[in-house]
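K.L.:
Got run.csv for you, CSV, C-alpha atoms:
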```csv
chain,number,residue,atom,x,y,z
A,1,MET,CA,-75.4,0.9,-177.4
A,2,LEU,CA,-74.0,0.3,-174.0
A,3,THR,CA,-74.2,-3.0,-172.1
A,4,ILE,CA,-76.3,-3.2,-168.9
A,5,ALA,CA,-73.1,-3.3,-166.9
A,6,GLN,CA,-72.0,0.0,-168.5
A,7,LEU,CA,-75.5,1.6,-168.1
A,8,THR,CA,-75.5,0.8,-164.4
A,9,GLY,CA,-72.0,2.0,-163.7
A,10,ARG,CA,-70.3,-1.4,-163.1
A,11,ASP,CA,-68.2,-1.3,-166.3
A,12,ASP,CA,-66.3,1.8,-167.4
A,13,SER,CA,-64.6,0.4,-170.6
A,14,HIS,CA,-66.6,2.8,-172.8
A,15,LEU,CA,-65.0,5.9,-171.4
A,16,VAL,CA,-62.1,8.1,-172.5
A,17,PRO,CA,-60.2,10.9,-170.6
A,18,CYS,CA,-61.7,14.4,-170.9
A,19,ALA,CA,-60.7,17.7,-169.3
A,20,GLY,CA,-58.0,16.3,-167.0
A,21,PRO,CA,-59.2,13.7,-164.5
A,22,HIS,CA,-62.7,13.4,-165.9
A,23,ARG,CA,-64.0,10.7,-168.2
A,24,LEU,CA,-66.8,10.6,-170.8
A,25,GLN,CA,-67.9,8.5,-173.7
A,26,VAL,CA,-65.7,9.3,-176.7
A,27,ASP,CA,-68.3,11.2,-178.7
A,28,ALA,CA,-69.5,13.1,-175.7
A,29,ALA,CA,-65.9,14.0,-174.8
A,30,ALA,CA,-65.2,15.4,-178.3
A,31,ALA,CA,-68.5,17.4,-178.2
A,32,PHE,CA,-67.6,18.8,-174.8
A,33,GLU,CA,-64.2,20.0,-176.0
A,34,ARG,CA,-66.0,21.8,-178.8
A,35,LEU,CA,-68.4,23.4,-176.4
A,36,GLN,CA,-65.4,24.4,-174.2
A,37,SER,CA,-63.9,26.1,-177.2
A,38,ASP,CA,-67.1,28.0,-177.9
A,39,ALA,CA,-67.4,29.1,-174.3
A,40,ARG,CA,-63.8,30.2,-174.3
A,41,GLU,CA,-64.5,32.5,-177.2
A,42,ALA,CA,-67.4,34.0,-175.2
A,43,GLY,CA,-65.2,34.6,-172.2
A,44,PHE,CA,-66.0,31.6,-170.1
A,45,GLU,CA,-63.8,28.8,-168.7
A,46,LEU,CA,-66.2,25.9,-169.0
A,47,ALA,CA,-65.0,23.3,-166.4
A,48,ILE,CA,-66.3,19.9,-165.2
A,49,ALA,CA,-67.3,19.4,-161.6
A,50,SER,CA,-68.4,15.8,-162.0
A,51,SER,CA,-68.5,13.5,-165.0
A,52,HIS,CA,-68.7,9.7,-164.9
A,53,ARG,CA,-69.7,8.2,-161.6
A,54,SER,CA,-69.4,4.5,-160.9
A,55,TYR,CA,-72.1,2.3,-159.4
A,56,GLU,CA,-69.9,2.0,-156.3
A,57,ARG,CA,-69.5,5.7,-155.9
A,58,GLN,CA,-73.2,6.3,-156.3
A,59,ARG,CA,-74.0,3.5,-153.7
A,60,ILE,CA,-71.6,5.2,-151.2
A,61,ILE,CA,-73.4,8.5,-151.7
A,62,TRP,CA,-76.8,6.9,-151.4
A,63,ASN,CA,-76.1,4.8,-148.3
A,64,GLY,CA,-74.3,7.7,-146.6
A,65,LYS,CA,-77.4,9.9,-147.0
A,66,ALA,CA,-79.8,7.1,-146.0
A,67,CYS,CA,-78.0,6.5,-142.7
A,68,GLY,CA,-77.5,10.2,-142.0
A,69,GLU,CA,-73.7,10.3,-142.5
A,70,ARG,CA,-74.1,12.6,-145.6
A,71,ALA,CA,-76.1,15.8,-145.7
A,72,VAL,CA,-79.5,15.9,-147.3
A,73,HIS,CA,-81.1,19.2,-148.1
A,74,ASP,CA,-84.6,20.4,-149.0
A,75,ASP,CA,-85.4,22.6,-152.0
A,76,ALA,CA,-84.5,25.8,-150.1
A,77,GLY,CA,-81.0,24.4,-149.2
A,78,ALA,CA,-81.9,23.7,-145.5
A,79,PRO,CA,-80.6,20.5,-144.0
A,80,VAL,CA,-83.0,17.7,-143.5
A,81,ASP,CA,-82.9,15.4,-140.5
A,82,VAL,CA,-83.4,12.2,-142.6
A,83,LEU,CA,-83.2,9.9,-139.6
A,84,ALA,CA,-86.3,11.6,-138.1
A,85,LEU,CA,-88.3,10.7,-141.2
A,86,PRO,CA,-90.1,7.4,-141.8
A,87,PRO,CA,-88.2,5.3,-144.3
A,88,ALA,CA,-90.5,5.9,-147.2
A,89,ALA,CA,-90.3,9.7,-146.7
A,90,ARG,CA,-86.5,9.4,-146.3
A,91,LEU,CA,-86.3,7.7,-149.6
A,92,HIS,CA,-88.1,10.5,-151.4
A,93,ALA,CA,-86.0,13.2,-149.7
A,94,ILE,CA,-82.9,11.6,-151.0
A,95,LEU,CA,-84.2,11.0,-154.5
A,96,ARG,CA,-84.9,14.7,-154.9
A,97,PHE,CA,-81.2,15.3,-155.3
A,98,SER,CA,-79.5,11.9,-155.6
A,99,ALA,CA,-80.0,9.0,-158.0
A,100,LEU,CA,-80.5,5.4,-157.0
A,101,PRO,CA,-77.4,3.4,-157.6
A,102,GLY,CA,-77.6,1.9,-161.1
A,103,THR,CA,-80.0,4.6,-162.4
A,104,SER,CA,-77.7,7.7,-162.5
A,105,ARG,CA,-77.2,9.3,-165.9
A,106,HIS,CA,-73.6,9.9,-164.8
A,107,HIS,CA,-73.0,6.1,-165.2
A,108,TRP,CA,-73.4,6.5,-169.0
A,109,GLY,CA,-70.5,8.8,-169.7
A,110,THR,CA,-72.9,11.2,-171.5
A,111,ASP,CA,-73.7,13.5,-168.5
A,112,LEU,CA,-71.7,15.9,-166.5
A,113,ASP,CA,-72.0,18.8,-164.0
A,114,ILE,CA,-70.3,22.0,-165.1
A,115,TYR,CA,-69.3,25.5,-163.9
A,116,ASP,CA,-67.3,28.6,-165.0
A,117,ALA,CA,-63.8,28.4,-163.5
A,118,ALA,CA,-63.1,32.0,-164.6
A,119,ALA,CA,-65.9,33.3,-162.4
A,120,VAL,CA,-64.5,32.2,-159.1
A,121,PRO,CA,-61.1,32.1,-157.3
A,122,ALA,CA,-58.9,29.0,-157.9
A,123,ASP,CA,-59.6,27.8,-154.3
A,124,TYR,CA,-63.4,28.2,-154.6
A,125,ALA,CA,-65.3,25.0,-153.5
A,126,VAL,CA,-68.0,24.4,-156.1
A,127,GLN,CA,-71.2,23.3,-154.4
A,128,LEU,CA,-73.6,22.8,-157.3
A,129,THR,CA,-76.4,24.7,-155.6
A,130,PRO,CA,-79.3,26.7,-157.0
A,131,ALA,CA,-77.7,29.9,-155.5
A,132,GLU,CA,-74.6,29.5,-157.7
A,133,VAL,CA,-76.6,29.5,-160.9
A,134,ALA,CA,-79.4,32.0,-159.9
A,135,PRO,CA,-79.3,35.6,-161.0
A,136,GLY,CA,-76.4,37.2,-159.4
A,137,GLY,CA,-74.7,33.9,-158.7
A,138,PRO,CA,-71.1,33.3,-159.9
A,139,PHE,CA,-72.2,31.0,-162.7
A,140,ASP,CA,-75.3,32.8,-163.8
A,141,ALA,CA,-73.7,34.4,-166.9
A,142,LEU,CA,-72.4,31.1,-168.1
A,143,HIS,CA,-75.9,29.5,-167.9
A,144,ARG,CA,-77.5,32.5,-169.6
A,145,TRP,CA,-75.1,32.0,-172.5
A,146,LEU,CA,-75.9,28.3,-172.5
A,147,ASP,CA,-79.6,29.1,-172.5
A,148,GLU,CA,-79.0,31.1,-175.8
A,149,ARG,CA,-76.9,28.3,-177.3
A,150,MET,CA,-79.4,25.6,-176.5
A,151,ALA,CA,-82.3,27.7,-177.8
A,152,ALA,CA,-80.4,28.0,-181.1
A,153,HIS,CA,-79.4,24.3,-181.1
A,154,ALA,CA,-75.8,25.5,-181.0
A,155,SER,CA,-74.7,23.8,-177.8
A,156,GLN,CA,-72.8,20.9,-179.5
A,157,GLY,CA,-75.6,18.5,-178.6
A,158,PHE,CA,-75.7,19.3,-174.8
A,159,PHE,CA,-79.0,20.1,-173.1
A,160,ARG,CA,-80.4,20.0,-169.6
A,161,PRO,CA,-82.4,16.9,-168.6
A,162,TYR,CA,-83.4,18.5,-165.3
A,163,ALA,CA,-84.2,22.0,-166.5
A,164,ARG,CA,-87.7,22.1,-165.0
A,165,ASP,CA,-89.3,20.8,-161.9
A,166,CYS,CA,-91.6,17.9,-162.9
A,167,GLY,CA,-92.1,16.7,-159.4
A,168,GLY,CA,-89.2,14.4,-159.3
A,169,VAL,CA,-85.5,15.4,-159.4
A,170,ALA,CA,-85.0,19.1,-158.4
A,171,PRO,CA,-83.9,21.4,-161.3
A,172,GLU,CA,-80.2,21.2,-161.9
A,173,ARG,CA,-79.0,23.9,-164.4
A,174,TRP,CA,-75.5,22.7,-164.0
A,175,HIS,CA,-76.3,19.2,-165.3
A,176,LEU,CA,-75.7,18.8,-169.0
A,177,SER,CA,-76.4,15.7,-171.1
A,178,TYR,CA,-75.1,14.8,-174.6
A,179,ALA,CA,-78.4,14.2,-176.2
A,180,PRO,CA,-77.4,12.4,-179.4
A,181,LEU,CA,-76.3,9.5,-177.1
A,182,SER,CA,-78.3,9.8,-173.9
A,183,ARG,CA,-81.7,10.1,-175.4
A,184,GLU,CA,-81.1,6.6,-176.9
A,185,LEU,CA,-80.0,5.2,-173.6
A,186,ALA,CA,-82.9,6.4,-171.4
A,187,GLY,CA,-85.2,3.7,-170.1
A,188,ARG,CA,-83.0,0.8,-171.1
A,189,VAL,CA,-82.4,-0.5,-167.5
A,190,SER,CA,-85.5,-2.3,-166.3
A,191,ALA,CA,-86.6,-2.8,-162.7
A,192,ARG,CA,-85.5,-6.4,-162.9
A,193,ALA,CA,-82.0,-5.5,-164.2
A,194,LEU,CA,-81.7,-3.0,-161.3
A,195,CYS,CA,-82.6,-5.7,-158.7
A,196,GLU,CA,-80.1,-8.0,-160.2
A,197,CYS,CA,-77.5,-5.3,-160.1
A,198,TRP,CA,-78.2,-4.7,-156.4
A,199,ASP,CA,-78.0,-8.5,-155.8
A,200,CYS,CA,-74.5,-8.6,-157.2
A,201,ASP,CA,-73.1,-5.8,-155.0
A,202,ARG,CA,-71.0,-6.8,-152.1
A,203,GLU,CA,-72.6,-4.0,-150.0
A,204,PRO,CA,-76.4,-3.9,-149.4
A,205,LEU,CA,-78.4,-1.0,-150.8
A,206,ALA,CA,-79.9,1.1,-148.0
A,207,LEU,CA,-83.7,1.3,-148.0
A,208,ARG,CA,-83.9,-1.4,-150.5
A,209,ALA,CA,-87.2,-2.8,-149.2
A,210,GLU,CA,-88.8,0.7,-149.5
A,211,VAL,CA,-87.2,1.1,-153.0
A,212,GLU,CA,-88.5,-2.2,-154.3
A,213,ALA,CA,-92.0,-1.5,-152.9
A,214,GLU,CA,-92.3,1.6,-155.1
A,215,LEU,CA,-89.8,0.8,-157.8
A,216,PRO,CA,-91.9,1.3,-161.0
A,217,ALA,CA,-93.3,4.6,-159.7
A,218,LEU,CA,-89.8,5.7,-158.6
A,219,LEU,CA,-88.4,5.0,-162.1
A,220,ALA,CA,-91.2,7.0,-163.7
A,221,ARG,CA,-90.9,10.0,-161.3
A,222,TYR,CA,-87.2,10.2,-160.6
A,223,VAL,CA,-85.4,8.5,-163.5
A,224,ALA,CA,-87.5,9.3,-166.6
A,225,VAL,CA,-87.1,12.9,-167.9
A,226,ALA,CA,-89.5,15.1,-169.9
A,227,GLU,CA,-89.9,14.1,-173.5
A,228,ASN,CA,-88.9,17.5,-174.8
A,229,TRP,CA,-85.9,17.9,-172.6
A,230,CYS,CA,-83.6,18.4,-175.6
A,231,GLY,CA,-85.8,20.5,-177.8
```
Re-express the file's structure as structure tokens.
P.N.:
Amino acid sequence: MLTIAQLTGRDDSHLVPCAGPHRLQVDAAAAFERLQSDAREAGFELAIASSHRSYERQRIIWNGKACGERAVHDDAGAPVDVLALPPAARLHAILRFSALPGTSRHHWGTDLDIYDAAAVPADYAVQLTPAEVAPGGPFDALHRWLDERMAAHASQGFFRPYARDCGGVAPERWHLSYAPLSRELAGRVSARALCECWDCDREPLALRAEVEAELPALLARYVAVAENWCG
């Protein structure tokens, strides 16, 4: 079990190196290396685009989107003029693709975003977009292979928490989670613990008033995942 500081991304002492510069929890790292080996045998070069993300990094992303300095897109990939939206609508537009600081599954060291490095040139800039994983996209074959492995419970414990659109976070086929650990961690950070986390930060959380006005509903819609997400 992780501490609240580890669950909210403020303490990374539970992590070990994995796949170069990336870091995961020790069991998740070992399982990912096994999945990499399986993928290699199938002709894929399973690589990590993003693994652990600290609270501070998530807050930088969040605040940047809230103030219009970072791009926000709709489900079709078109840019959204967030500053033209009322604050509450801006909040939901951001949450569709970005987690509230302190709630990201990437804080835990169990979740990561992946791609097939063998399917693109070395200088390819991975975008983590629906087009990349759609039929005909560069990473479609990898994900069809992962579909088969997950259906057979042969994916070394990794499944997709955002496989389907449940009205909260948009589907992310590239986001894998090490279920033996992450399913035990879900829901362990309360609304009160999050507010205390934000209080301790040296930088204010953008849209905090709007967040706190809806916080229980936001946690249910954008943080909780479907009960059967890992089979």
K.L.:
Work out how far apart CA of Asp11 (chain A) and CA of Asp113 (chain A) are and give it in Å to one decimal.
P.N.:
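Spanning CA of Asp11 (chain A) to CA of Asp113 (chain A) is a straight-line distance of 20.6 Å.
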K.L.:
Hey, what's within 9 Å of Arg221 (chain A) if we count all atoms listed in the file and toss same-chain stuff fewer than 6 positions away? As a list in words, please?
P.N.:
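The filter keeps Cys166, Gly167, Gly168 and Val169 of chain A.
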K.L.:
Do a neighbour search on Arg57 (chain A) at 10 Å with all atoms listed in the file, toss out local chain neighbours closer than 3 positions, and write the hits as a list in words.
P.N.:
Gly9, His52, Arg53, Ser54, Ile60, Ile61, Trp62, Pro101 and His107 of chain A
K.L.:
I'd like the neighbourhood of Leu185 (chain A) as a PyMOL selection string, where a residue qualifies if any of its atoms comes within 8 Å (using all atoms listed in the file), though same-chain residues fewer than 4 positions away should be ignored.
P.N.:
chain A and resi 1-2+7+181
K.L.:
Select, from A:Ala119, A:Leu128, A:Val80, A:Ala191, the residue with the minimum atom-to-atom distance to Ser50 (chain A), counting all atoms listed in the file.
P.N.:
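Nearest to Ser50 (chain A): A:Leu128.
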K.L.:
In the coordinate frame of the file, compute which residues have an atom within 12 Å of (-75.7, 9.2, -142.2) when using only C-alpha atoms, and state them as a list in words.
P.N.:
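Residues satisfying the cut-off, written out: Ile60, Ile61, Trp62, Asn63, Gly64, Lys65, Ala66, Cys67, Gly68, Glu69, Arg70, Ala71, Val72, Val80, Asp81, Val82, Leu83, Ala84, Arg90, Ile94 and Ala206 of chain A.
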K.L.:
Quick one: write out the picked residues with C-alpha atoms as an mmCIF file, keeping the file's coordinate frame?
P.N.:
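This went into again_18.cif:
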```cif
data_model
loop_
_atom_site.group_PDB
_atom_site.id
_atom_site.type_symbol
_atom_site.label_atom_id
_atom_site.label_comp_id
_atom_site.auth_asym_id
_atom_site.auth_seq_id
_atom_site.Cartn_x
_atom_site.Cartn_y
_atom_site.Cartn_z
ATOM 1 C CA ILE A 60 -71.600 5.200 -151.200
ATOM 2 C CA ILE A 61 -73.400 8.500 -151.700
ATOM 3 C CA TRP A 62 -76.800 6.900 -151.400
ATOM 4 C CA ASN A 63 -76.100 4.800 -148.300
ATOM 5 C CA GLY A 64 -74.300 7.700 -146.600
ATOM 6 C CA LYS A 65 -77.400 9.900 -147.000
ATOM 7 C CA ALA A 66 -79.800 7.100 -146.000
ATOM 8 C CA CYS A 67 -78.000 6.500 -142.700
ATOM 9 C CA GLY A 68 -77.500 10.200 -142.000
ATOM 10 C CA GLU A 69 -73.700 10.300 -142.500
ATOM 11 C CA ARG A 70 -74.100 12.600 -145.600
ATOM 12 C CA ALA A 71 -76.100 15.800 -145.700
ATOM 13 C CA VAL A 72 -79.500 15.900 -147.300
ATOM 14 C CA VAL A 80 -83.000 17.700 -143.500
ATOM 15 C CA ASP A 81 -82.900 15.400 -140.500
ATOM 16 C CA VAL A 82 -83.400 12.200 -142.600
ATOM 17 C CA LEU A 83 -83.200 9.900 -139.600
ATOM 18 C CA ALA A 84 -86.300 11.600 -138.100
ATOM 19 C CA ARG A 90 -86.500 9.400 -146.300
ATOM 20 C CA ILE A 94 -82.900 11.600 -151.000
ATOM 21 C CA ALA A 206 -79.900 1.100 -148.000
#
```
K.L.:
List as a PDB file with C-alpha atoms, keeping the file's coordinate frame the protein and nucleic acid residues near Gly231 (chain A), meaning an atom at most 9 Å away when all atoms listed in the file are counted, but skip any in the same chain fewer than 4 places from it.
P.N.:
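What follows is the written file part.pdb:
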```
ATOM      1  CA  MET A 150     -79.400  25.600-176.500  1.00  0.00           C
ATOM      2  CA  ALA A 151     -82.300  27.700-177.800  1.00  0.00           C
ATOM      3  CA  HIS A 153     -79.400  24.300-181.100  1.00  0.00           C
ATOM      4  CA  PHE A 159     -79.000  20.100-173.100  1.00  0.00           C
ATOM      5  CA  GLU A 227     -89.900  14.100-173.500  1.00  0.00           C
TER       6      GLU A 227
END
```
K.L.:
Give the answer as one residue: which of A:Trp108, A:Leu85, A:Trp229, A:Ala42 has the shortest atom-to-atom distance to His14 (chain A), using all atoms listed in the file?
P.N.:
A:Trp108
K.L.:
For a test of reading the model, state the distance in Å between CA of Ala226 (chain A) and CA of Ala186 (chain A), rounded to one decimal.
P.N.:
11.0 Å
K.L.:
Using only C-alpha atoms, pick whichever of A:Glu33, A:Asp201, A:Glu184, A:Asp116 has the shortest atom-to-atom distance to Asp140 (chain A).
P.N.:
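Among the listed residues, A:Asp116 lies closest to Asp140 (chain A).
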K.L.:
Ala39 (chain A): which residues within 12 Å, counting only C-alpha atoms, same-chain residues fewer than 4 positions away excluded, as a CSV table (one decimal) with C-alpha atoms, in the frame of the given file?
P.N.:
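Output file result_18.csv is given in full below:
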```
chain,number,residue,atom,x,y,z
A,32,PHE,CA,-67.6,18.8,-174.8
A,33,GLU,CA,-64.2,20.0,-176.0
A,34,ARG,CA,-66.0,21.8,-178.8
A,35,LEU,CA,-68.4,23.4,-176.4
A,43,GLY,CA,-65.2,34.6,-172.2
A,44,PHE,CA,-66.0,31.6,-170.1
A,45,GLU,CA,-63.8,28.8,-168.7
A,46,LEU,CA,-66.2,25.9,-169.0
A,47,ALA,CA,-65.0,23.3,-166.4
A,114,ILE,CA,-70.3,22.0,-165.1
A,115,TYR,CA,-69.3,25.5,-163.9
A,116,ASP,CA,-67.3,28.6,-165.0
A,117,ALA,CA,-63.8,28.4,-163.5
A,118,ALA,CA,-63.1,32.0,-164.6
A,141,ALA,CA,-73.7,34.4,-166.9
A,142,LEU,CA,-72.4,31.1,-168.1
A,143,HIS,CA,-75.9,29.5,-167.9
A,144,ARG,CA,-77.5,32.5,-169.6
A,145,TRP,CA,-75.1,32.0,-172.5
A,146,LEU,CA,-75.9,28.3,-172.5
A,148,GLU,CA,-79.0,31.1,-175.8
A,149,ARG,CA,-76.9,28.3,-177.3
A,154,ALA,CA,-75.8,25.5,-181.0
A,155,SER,CA,-74.7,23.8,-177.8
A,156,GLN,CA,-72.8,20.9,-179.5
```
K.L.:
Nearest residue to Ser51 (chain A) out of A:Glu172, A:Asp12, A:Asp111, A:Asp38, using only C-alpha atoms?
P.N.:
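The answer is A:Asp111, which sits nearest to Ser51 (chain A).
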K.L.:
Counting all atoms listed in the file, which of A:Arg183, A:Arg173, A:His92, A:Arg59 gets nearest to Asp147 (chain A)?
P.N.:
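Using all atoms listed in the file, the shortest distance to Asp147 (chain A) belongs to A:Arg173.
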K.L.:
Counting only C-alpha atoms, which of A:Ala125, A:Val189, A:Leu176, A:Leu207 gets nearest to Gln6 (chain A)?
P.N.:
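Selected residue with least distance to Gln6 (chain A): A:Val189.
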K.L.:
Suppose you want the space between CA of Ser177 (chain A) and CA of Glu132 (chain A); what is it in Å?
P.N.:
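About the pair CA of Ser177 (chain A) and CA of Glu132 (chain A): they are 19.3 Å apart.
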K.L.:
Please output region 42-62 of chain A, rebuilt to include N, CA, C and O atoms, as a PDB file, in the frame of the given file.
P.N.:
```pdb
ATOM      1  N   ALA A  42     -66.400  33.057-175.852  1.00  0.00           N
ATOM      2  CA  ALA A  42     -67.400  34.000-175.200  1.00  0.00           C
ATOM      3  C   ALA A  42     -66.936  34.492-173.894  1.00  0.00           C
ATOM      4  O   ALA A  42     -67.674  35.254-173.248  1.00  0.00           O
ATOM      5  N   GLY A  43     -65.745  34.099-173.447  1.00  0.00           N
ATOM      6  CA  GLY A  43     -65.200  34.600-172.200  1.00  0.00           C
ATOM      7  C   GLY A  43     -65.403  33.772-170.982  1.00  0.00           C
ATOM      8  O   GLY A  43     -65.192  34.235-169.850  1.00  0.00           O
ATOM      9  N   PHE A  44     -65.782  32.508-171.183  1.00  0.00           N
ATOM     10  CA  PHE A  44     -66.000  31.600-170.100  1.00  0.00           C
ATOM     11  C   PHE A  44     -64.962  30.493-170.054  1.00  0.00           C
ATOM     12  O   PHE A  44     -64.451  30.107-171.101  1.00  0.00           O
ATOM     13  N   GLU A  45     -64.682  29.972-168.867  1.00  0.00           N
ATOM     14  CA  GLU A  45     -63.800  28.800-168.700  1.00  0.00           C
ATOM     15  C   GLU A  45     -64.652  27.633-168.279  1.00  0.00           C
ATOM     16  O   GLU A  45     -64.796  27.360-167.085  1.00  0.00           O
ATOM     17  N   LEU A  46     -65.245  26.968-169.251  1.00  0.00           N
ATOM     18  CA  LEU A  46     -66.200  25.900-169.000  1.00  0.00           C
ATOM     19  C   LEU A  46     -65.392  24.698-168.380  1.00  0.00           C
ATOM     20  O   LEU A  46     -64.488  24.146-169.009  1.00  0.00           O
ATOM     21  N   ALA A  47     -65.746  24.313-167.161  1.00  0.00           N
ATOM     22  CA  ALA A  47     -65.000  23.300-166.400  1.00  0.00           C
ATOM     23  C   ALA A  47     -66.011  22.215-165.939  1.00  0.00           C
ATOM     24  O   ALA A  47     -67.205  22.474-165.784  1.00  0.00           O
ATOM     25  N   ILE A  48     -65.488  21.026-165.676  1.00  0.00           N
ATOM     26  CA  ILE A  48     -66.300  19.900-165.200  1.00  0.00           C
ATOM     27  C   ILE A  48     -66.141  19.756-163.693  1.00  0.00           C
ATOM     28  O   ILE A  48     -65.026  19.651-163.186  1.00  0.00           O
ATOM     29  N   ALA A  49     -67.270  19.737-162.996  1.00  0.00           N
ATOM     30  CA  ALA A  49     -67.300  19.400-161.600  1.00  0.00           C
ATOM     31  C   ALA A  49     -67.398  17.950-161.313  1.00  0.00           C
ATOM     32  O   ALA A  49     -66.825  17.403-160.371  1.00  0.00           O
ATOM     33  N   SER A  50     -68.174  17.268-162.160  1.00  0.00           N
ATOM     34  CA  SER A  50     -68.400  15.800-162.000  1.00  0.00           C
ATOM     35  C   SER A  50     -68.778  15.269-163.378  1.00  0.00           C
ATOM     36  O   SER A  50     -69.575  15.873-164.097  1.00  0.00           O
ATOM     37  N   SER A  51     -68.205  14.115-163.726  1.00  0.00           N
ATOM     38  CA  SER A  51     -68.500  13.500-165.000  1.00  0.00           C
ATOM     39  C   SER A  51     -69.035  12.070-164.733  1.00  0.00           C
ATOM     40  O   SER A  51     -70.059  11.885-164.092  1.00  0.00           O
ATOM     41  N   HIS A  52     -68.295  11.070-165.207  1.00  0.00           N
ATOM     42  CA  HIS A  52     -68.700   9.700-164.900  1.00  0.00           C
ATOM     43  C   HIS A  52     -68.674   9.404-163.452  1.00  0.00           C
ATOM     44  O   HIS A  52     -67.775   9.851-162.740  1.00  0.00           O
ATOM     45  N   ARG A  53     -69.675   8.669-163.012  1.00  0.00           N
ATOM     46  CA  ARG A  53     -69.700   8.200-161.600  1.00  0.00           C
ATOM     47  C   ARG A  53     -70.020   6.740-161.618  1.00  0.00           C
ATOM     48  O   ARG A  53     -71.005   6.304-162.217  1.00  0.00           O
ATOM     49  N   SER A  54     -69.210   5.963-160.951  1.00  0.00           N
ATOM     50  CA  SER A  54     -69.400   4.500-160.900  1.00  0.00           C
ATOM     51  C   SER A  54     -70.570   4.124-160.053  1.00  0.00           C
ATOM     52  O   SER A  54     -71.036   4.898-159.198  1.00  0.00           O
ATOM     53  N   TYR A  55     -71.014   2.893-160.251  1.00  0.00           N
ATOM     54  CA  TYR A  55     -72.100   2.300-159.400  1.00  0.00           C
ATOM     55  C   TYR A  55     -71.632   2.405-157.922  1.00  0.00           C
ATOM     56  O   TYR A  55     -72.394   2.829-157.049  1.00  0.00           O
ATOM     57  N   GLU A  56     -70.402   1.986-157.660  1.00  0.00           N
ATOM     58  CA  GLU A  56     -69.900   2.000-156.300  1.00  0.00           C
ATOM     59  C   GLU A  56     -69.942   3.335-155.646  1.00  0.00           C
ATOM     60  O   GLU A  56     -70.367   3.503-154.493  1.00  0.00           O
ATOM     61  N   ARG A  57     -69.489   4.317-156.394  1.00  0.00           N
ATOM     62  CA  ARG A  57     -69.500   5.700-155.900  1.00  0.00           C
ATOM     63  C   ARG A  57     -70.916   6.159-155.580  1.00  0.00           C
ATOM     64  O   ARG A  57     -71.171   6.787-154.545  1.00  0.00           O
ATOM     65  N   GLN A  58     -71.845   5.847-156.481  1.00  0.00           N
ATOM     66  CA  GLN A  58     -73.200   6.300-156.300  1.00  0.00           C
ATOM     67  C   GLN A  58     -73.825   5.544-155.063  1.00  0.00           C
ATOM     68  O   GLN A  58     -74.583   6.129-154.294  1.00  0.00           O
ATOM     69  N   ARG A  59     -73.460   4.271-154.864  1.00  0.00           N
ATOM     70  CA  ARG A  59     -74.000   3.500-153.700  1.00  0.00           C
ATOM     71  C   ARG A  59     -73.415   4.120-152.394  1.00  0.00           C
ATOM     72  O   ARG A  59     -74.126   4.214-151.395  1.00  0.00           O
ATOM     73  N   ILE A  60     -72.150   4.529-152.403  1.00  0.00           N
ATOM     74  CA  ILE A  60     -71.600   5.200-151.200  1.00  0.00           C
ATOM     75  C   ILE A  60     -72.323   6.439-150.863  1.00  0.00           C
ATOM     76  O   ILE A  60     -72.636   6.706-149.697  1.00  0.00           O
ATOM     77  N   ILE A  61     -72.603   7.243-151.878  1.00  0.00           N
ATOM     78  CA  ILE A  61     -73.400   8.500-151.700  1.00  0.00           C
ATOM     79  C   ILE A  61     -74.754   8.165-151.122  1.00  0.00           C
ATOM     80  O   ILE A  61     -75.215   8.752-150.134  1.00  0.00           O
ATOM     81  N   TRP A  62     -75.418   7.217-151.779  1.00  0.00           N
ATOM     82  CA  TRP A  62     -76.800   6.900-151.400  1.00  0.00           C
ATOM     83  C   TRP A  62     -76.850   6.329-149.972  1.00  0.00           C
ATOM     84  O   TRP A  62     -77.647   6.800-149.157  1.00  0.00           O
TER      85      TRP A  62
END
```
